[in-house]
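Participant: Questions regarding the structure given below will be posed in turn.
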Amino acid sequence: MREGSAVPHDDAIAATFAPHDHQQCASRVLDEAATRLAGQGARLTPVRRRTLEILLESHRAMGAYEVLDRLAAEGFGRQPPVAYRALEFLVTHGLAHRLQRLNAFAACLHPGHDHHPAFLICRSCDKVAEAAAAPIRDALTAVAAQGGFRVERATVEALGLCATCAEEGVA
């Protein structure tokens with residue numbers, strides 16, 4: 001799935017925020033990740049794999065130190081480079097995304113495909129969904145071009161409430 005064809009549909013976005021079987025999600029993503037890395041000639045070492053598994057435990061973003069605490073508790077070491085190197089590897093190889101607004105990382109839910117999603121971040125439960133960003137980027141590129149500006153990179157991070165939190169009356 002290329003950009004535009006890897007578009008998470010409304011039902012996939014809703015499913016991210018709704019209660020569901022994370023084991024099934026994690027298993028699918030880990031399988032896609034292994035395939036992607038094999039194609040790139042890269043390897044999912046034990047610390048990289050465990051870092052991805054930690055990110056996959058829920059659909060929320062985690063800070064590097066939160067990941068580091070989890071890795072350290074499991075015997076992978078307490079030095080910050082342990083987590084940062086694993087997270088950098090995952091981002092570089094399209095297995096995780098860095099969310100600037102949160103200064104955190106989230107597992108890519110579509111690692112078998114090259115894409116640059118927009119992120120929908122629930123301000124209450126902190127879950128993160130990937131959404132199609134091509135239409136947004138196209139509009140931004142067109143507006144920028146009118147002023148003679150060429151967009152080289154854009155990340156869209158939308159903060160709001162997921163349907164579950166909204167139904168629970170979160171203000």
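To be explicit about the labels: the chains of the structure tokens are called A, B, and onward in the order shown, and within each one the residues are counted from 1, while ligands get numbers from 1 in the order they are shown.
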Using the chain letters and numbers from this document, which residues of region 14-152 of chain A does DSSP assign to helix (DSSP H, G or I), as a VMD selection string?
Facilitator: chain A and resid 14 to 17 22 to 40 46 to 56 64 to 73 80 to 92 134 to 146
Participant: Please list as a PyMOL selection string every residue within 12 Å of Asp69 (chain A), counting only C-alpha atoms and excluding residues in the same chain fewer than 6 positions away.
Facilitator: chain A and resi 51+54+62-63+75-80+82-83
Participant: Select from region 76-141 of chain A every residue with an atom at most 9 Å from any atom of region 153-158 of chain A, then for each give the shortest pair of atoms and their distance in Å to one decimal, using only C-alpha atoms, rows by chain and rising number, as a tab-separated table.
Facilitator:
residue	atom	partner	partner_atom	distance
A:Leu99	CA	A:Glu157	CA	7.5
A:Gln100	CA	A:Glu157	CA	8.2
A:Arg101	CA	A:Glu157	CA	7.3
A:His116	CA	A:Thr155	CA	7.9
A:Pro117	CA	A:Val156	CA	7.6
A:Ala118	CA	A:Val156	CA	4.7
A:Phe119	CA	A:Glu157	CA	4.7
A:Leu120	CA	A:Ala158	CA	4.9
A:Ile121	CA	A:Ala158	CA	6.0
A:Cys122	CA	A:Ala158	CA	8.5
A:Ala133	CA	A:Val156	CA	7.4
A:Ile136	CA	A:Val156	CA	8.2
A:Arg137	CA	A:Ala154	CA	7.1
A:Leu140	CA	A:Ala154	CA	8.7
Participant: Measuring atom to atom with only C-alpha atoms, identify which of A:Arg28, A:Arg43, A:Arg60, A:Arg49 is nearest to Ala107 (chain A).
Facilitator: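 Of the candidates, the smallest distance to Ala107 (chain A) is held by A:Arg60.
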Participant: Restricting the calculation to only C-alpha atoms: of A:Glu130, A:Glu66, A:Glu32, A:Glu168, which residue gets closest to His93 (chain A)?
Facilitator: A:Glu32
Participant: Based on the backbone DSSP call, show me all residues of region 1-170 of chain A assigned strand (DSSP E), as a ChimeraX atom specification.
Facilitator: /A:96-99,104-107,118-122,128-131,157-160
Participant: Please produce a file of the residues just selected, as a short mmCIF file (atom, residue, chain, number, x, y, z; two decimals), in the first residue's frame, where the atoms kept are all heavy atoms.
Facilitator:
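Output below, filename part_13.cif:
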data_model
loop_
_atom_site.label_atom_id
_atom_site.label_comp_id
_atom_site.auth_asym_id
_atom_site.auth_seq_id
_atom_site.Cartn_x
_atom_site.Cartn_y
_atom_site.Cartn_z
N ALA A 96 7.51 2.61 13.42
CA ALA A 96 6.96 3.49 14.46
C ALA A 96 6.97 4.91 13.92
O ALA A 96 7.66 5.22 12.94
CB ALA A 96 7.79 3.40 15.74
N HIS A 97 6.17 5.74 14.56
CA HIS A 97 6.09 7.16 14.21
C HIS A 97 6.47 7.99 15.43
O HIS A 97 6.17 7.61 16.55
CB HIS A 97 4.66 7.55 13.80
CG HIS A 97 4.15 6.80 12.62
ND1 HIS A 97 4.63 6.99 11.34
CD2 HIS A 97 3.17 5.85 12.53
CE1 HIS A 97 3.96 6.19 10.52
NE2 HIS A 97 3.08 5.50 11.21
N ARG A 98 7.11 9.13 15.18
CA ARG A 98 7.40 10.07 16.25
C ARG A 98 6.33 11.15 16.21
O ARG A 98 6.08 11.74 15.16
CB ARG A 98 8.77 10.70 16.07
CG ARG A 98 9.10 11.67 17.18
CD ARG A 98 10.51 12.21 17.05
NE ARG A 98 10.70 13.26 18.01
CZ ARG A 98 11.15 13.07 19.25
NH1 ARG A 98 11.48 11.87 19.64
NH2 ARG A 98 11.28 14.08 20.07
N LEU A 99 5.70 11.38 17.35
CA LEU A 99 4.67 12.40 17.47
C LEU A 99 5.30 13.61 18.16
O LEU A 99 5.64 13.55 19.35
CB LEU A 99 3.48 11.86 18.25
CG LEU A 99 2.81 10.72 17.48
CD1 LEU A 99 2.35 9.63 18.41
CD2 LEU A 99 1.69 11.27 16.66
N ALA A 104 6.72 11.85 21.78
CA ALA A 104 6.53 10.43 22.07
C ALA A 104 6.52 9.63 20.77
O ALA A 104 6.60 10.20 19.67
CB ALA A 104 5.21 10.25 22.82
N PHE A 105 6.39 8.32 20.92
CA PHE A 105 6.43 7.40 19.79
C PHE A 105 5.21 6.50 19.83
O PHE A 105 4.73 6.13 20.90
CB PHE A 105 7.70 6.54 19.86
CG PHE A 105 8.96 7.35 19.81
CD1 PHE A 105 9.48 7.91 20.97
CD2 PHE A 105 9.61 7.57 18.61
CE1 PHE A 105 10.64 8.68 20.94
CE2 PHE A 105 10.78 8.34 18.57
CZ PHE A 105 11.29 8.89 19.74
N ALA A 106 4.75 6.12 18.64
CA ALA A 106 3.63 5.19 18.53
C ALA A 106 3.98 4.16 17.47
O ALA A 106 4.63 4.48 16.47
CB ALA A 106 2.34 5.92 18.14
N ALA A 107 3.57 2.94 17.70
CA ALA A 107 3.80 1.89 16.70
C ALA A 107 3.05 2.24 15.43
O ALA A 107 1.92 2.75 15.48
CB ALA A 107 3.32 0.54 17.24
N ALA A 118 -1.71 11.31 8.95
CA ALA A 118 -2.03 12.34 9.95
C ALA A 118 -2.33 11.56 11.22
O ALA A 118 -2.75 10.40 11.16
CB ALA A 118 -3.24 13.14 9.50
N PHE A 119 -2.12 12.17 12.35
CA PHE A 119 -2.35 11.49 13.62
C PHE A 119 -3.52 12.14 14.34
O PHE A 119 -3.55 13.36 14.50
CB PHE A 119 -1.09 11.52 14.48
CG PHE A 119 0.08 10.88 13.81
CD1 PHE A 119 1.03 11.63 13.17
CD2 PHE A 119 0.19 9.49 13.78
CE1 PHE A 119 2.10 11.03 12.51
CE2 PHE A 119 1.25 8.88 13.13
CZ PHE A 119 2.20 9.65 12.50
N LEU A 120 -4.45 11.33 14.77
CA LEU A 120 -5.60 11.78 15.55
C LEU A 120 -5.31 11.35 16.98
O LEU A 120 -5.23 10.16 17.27
CB LEU A 120 -6.88 11.13 15.03
CG LEU A 120 -7.13 11.29 13.53
CD1 LEU A 120 -8.38 10.53 13.12
CD2 LEU A 120 -7.22 12.76 13.14
N ILE A 121 -5.14 12.32 17.87
CA ILE A 121 -4.71 12.05 19.25
C ILE A 121 -5.86 12.43 20.19
O ILE A 121 -6.30 13.58 20.22
CB ILE A 121 -3.47 12.88 19.60
CG1 ILE A 121 -2.35 12.64 18.59
CG2 ILE A 121 -3.01 12.59 21.03
CD1 ILE A 121 -1.22 13.65 18.64
N CYS A 122 -6.33 11.46 20.96
CA CYS A 122 -7.38 11.74 21.94
C CYS A 122 -6.73 12.38 23.17
O CYS A 122 -5.83 11.79 23.77
CB CYS A 122 -8.14 10.48 22.34
SG CYS A 122 -9.44 10.81 23.55
N VAL A 128 -3.90 6.97 19.88
CA VAL A 128 -3.51 7.62 18.63
C VAL A 128 -3.96 6.75 17.46
O VAL A 128 -3.72 5.54 17.45
CB VAL A 128 -1.97 7.79 18.56
CG1 VAL A 128 -1.55 8.39 17.24
CG2 VAL A 128 -1.47 8.62 19.72
N ALA A 129 -4.61 7.37 16.48
CA ALA A 129 -5.01 6.67 15.26
C ALA A 129 -4.29 7.31 14.08
O ALA A 129 -3.97 8.51 14.10
CB ALA A 129 -6.53 6.74 15.07
N GLU A 130 -4.04 6.51 13.06
CA GLU A 130 -3.46 7.01 11.83
C GLU A 130 -4.60 7.28 10.85
O GLU A 130 -5.52 6.48 10.72
CB GLU A 130 -2.53 5.97 11.21
CG GLU A 130 -1.32 5.66 12.05
CD GLU A 130 -0.42 4.60 11.43
OE1 GLU A 130 -0.51 4.38 10.20
OE2 GLU A 130 0.36 4.00 12.16
N ALA A 131 -4.54 8.43 10.17
CA ALA A 131 -5.55 8.79 9.18
C ALA A 131 -4.86 9.20 7.89
O ALA A 131 -3.69 9.60 7.89
CB ALA A 131 -6.41 9.94 9.71
N GLU A 157 -0.87 16.54 13.20
CA GLU A 157 -1.25 15.93 14.47
C GLU A 157 -2.48 16.69 14.98
O GLU A 157 -2.39 17.86 15.34
CB GLU A 157 -0.11 16.02 15.49
CG GLU A 157 1.13 15.26 15.05
CD GLU A 157 2.28 15.38 16.03
OE1 GLU A 157 2.09 15.86 17.16
OE2 GLU A 157 3.40 15.00 15.64
N ALA A 158 -3.62 16.02 14.98
CA ALA A 158 -4.87 16.63 15.42
C ALA A 158 -5.22 16.14 16.82
O ALA A 158 -5.23 14.94 17.08
CB ALA A 158 -5.99 16.28 14.44
N LEU A 159 -5.48 17.07 17.72
CA LEU A 159 -5.83 16.77 19.09
C LEU A 159 -7.33 16.94 19.27
O LEU A 159 -7.90 17.92 18.81
CB LEU A 159 -5.08 17.71 20.04
CG LEU A 159 -5.25 17.48 21.52
CD1 LEU A 159 -4.64 16.15 21.93
CD2 LEU A 159 -4.59 18.61 22.30
N GLY A 160 -7.97 15.99 19.92
CA GLY A 160 -9.40 16.07 20.14
C GLY A 160 -9.87 14.95 21.04
O GLY A 160 -9.10 14.45 21.86
#
Participant: So which residues touch Cys165 (chain A) within 9 Å, counting only C-alpha atoms, skipping near sequence neighbours fewer than 3 positions away, as a PyMOL selection string?
Facilitator: chain A and resi 122+124-125+161-162+168-171
Participant: Output the selection as a compact mmCIF listing (two decimals), in the first residue's frame - all heavy atoms for each residue.
Facilitator:
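Wrote it out as again_37.txt, contents follow:
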# COMPACT_ATOMS: atom_id res chain seq x y z
N CYS A 122 -6.33 11.46 20.96
CA CYS A 122 -7.38 11.74 21.94
C CYS A 122 -6.73 12.38 23.17
O CYS A 122 -5.83 11.79 23.77
CB CYS A 122 -8.14 10.48 22.34
SG CYS A 122 -9.44 10.81 23.55
N SER A 124 -7.94 12.77 26.01
CA SER A 124 -8.37 12.16 27.26
C SER A 124 -7.68 10.82 27.50
O SER A 124 -7.03 10.63 28.51
CB SER A 124 -9.88 11.98 27.26
OG SER A 124 -10.29 11.34 28.45
N CYS A 125 -7.82 9.89 26.56
CA CYS A 125 -7.26 8.54 26.76
C CYS A 125 -5.86 8.38 26.15
O CYS A 125 -5.22 7.36 26.33
CB CYS A 125 -8.21 7.49 26.20
SG CYS A 125 -8.39 7.50 24.39
N LEU A 161 -11.11 14.55 20.88
CA LEU A 161 -11.69 13.47 21.68
C LEU A 161 -12.14 12.34 20.77
O LEU A 161 -12.80 12.59 19.76
CB LEU A 161 -12.91 13.97 22.47
CG LEU A 161 -12.64 14.83 23.68
CD1 LEU A 161 -13.95 15.36 24.26
CD2 LEU A 161 -11.87 14.06 24.74
N CYS A 162 -11.82 11.12 21.15
CA CYS A 162 -12.31 9.96 20.41
C CYS A 162 -13.78 9.78 20.77
O CYS A 162 -14.28 10.36 21.74
CB CYS A 162 -11.50 8.71 20.74
SG CYS A 162 -11.71 8.08 22.42
N GLU A 168 -18.48 9.30 26.94
CA GLU A 168 -18.36 9.26 28.40
C GLU A 168 -18.48 10.64 29.02
O GLU A 168 -18.39 10.80 30.23
CB GLU A 168 -17.04 8.59 28.79
CG GLU A 168 -16.98 7.11 28.46
CD GLU A 168 -15.61 6.50 28.74
OE1 GLU A 168 -14.68 7.22 29.18
OE2 GLU A 168 -15.47 5.28 28.50
N GLY A 169 -18.65 11.65 28.17
CA GLY A 169 -18.86 13.00 28.66
C GLY A 169 -17.62 13.73 29.08
O GLY A 169 -17.69 14.70 29.85
N VAL A 170 -16.46 13.33 28.56
CA VAL A 170 -15.22 14.04 28.87
C VAL A 170 -15.34 15.45 28.33
O VAL A 170 -15.73 15.64 27.18
CB VAL A 170 -14.00 13.31 28.26
CG1 VAL A 170 -12.74 14.13 28.43
CG2 VAL A 170 -13.85 11.94 28.87
N ALA A 171 -15.03 16.42 29.14
CA ALA A 171 -15.13 17.83 28.71
C ALA A 171 -13.83 18.30 28.08
O ALA A 171 -12.80 17.84 28.30
CB ALA A 171 -15.48 18.70 29.89
Participant: I need the residue nearest Glu57 (chain A) from this list: A:Ala163, A:Gln24, A:Gly94, A:Gln40. Use only C-alpha atoms for the distance.
Facilitator: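 Looking at the shortest contact to Glu57 (chain A), the residue is A:Gln24.
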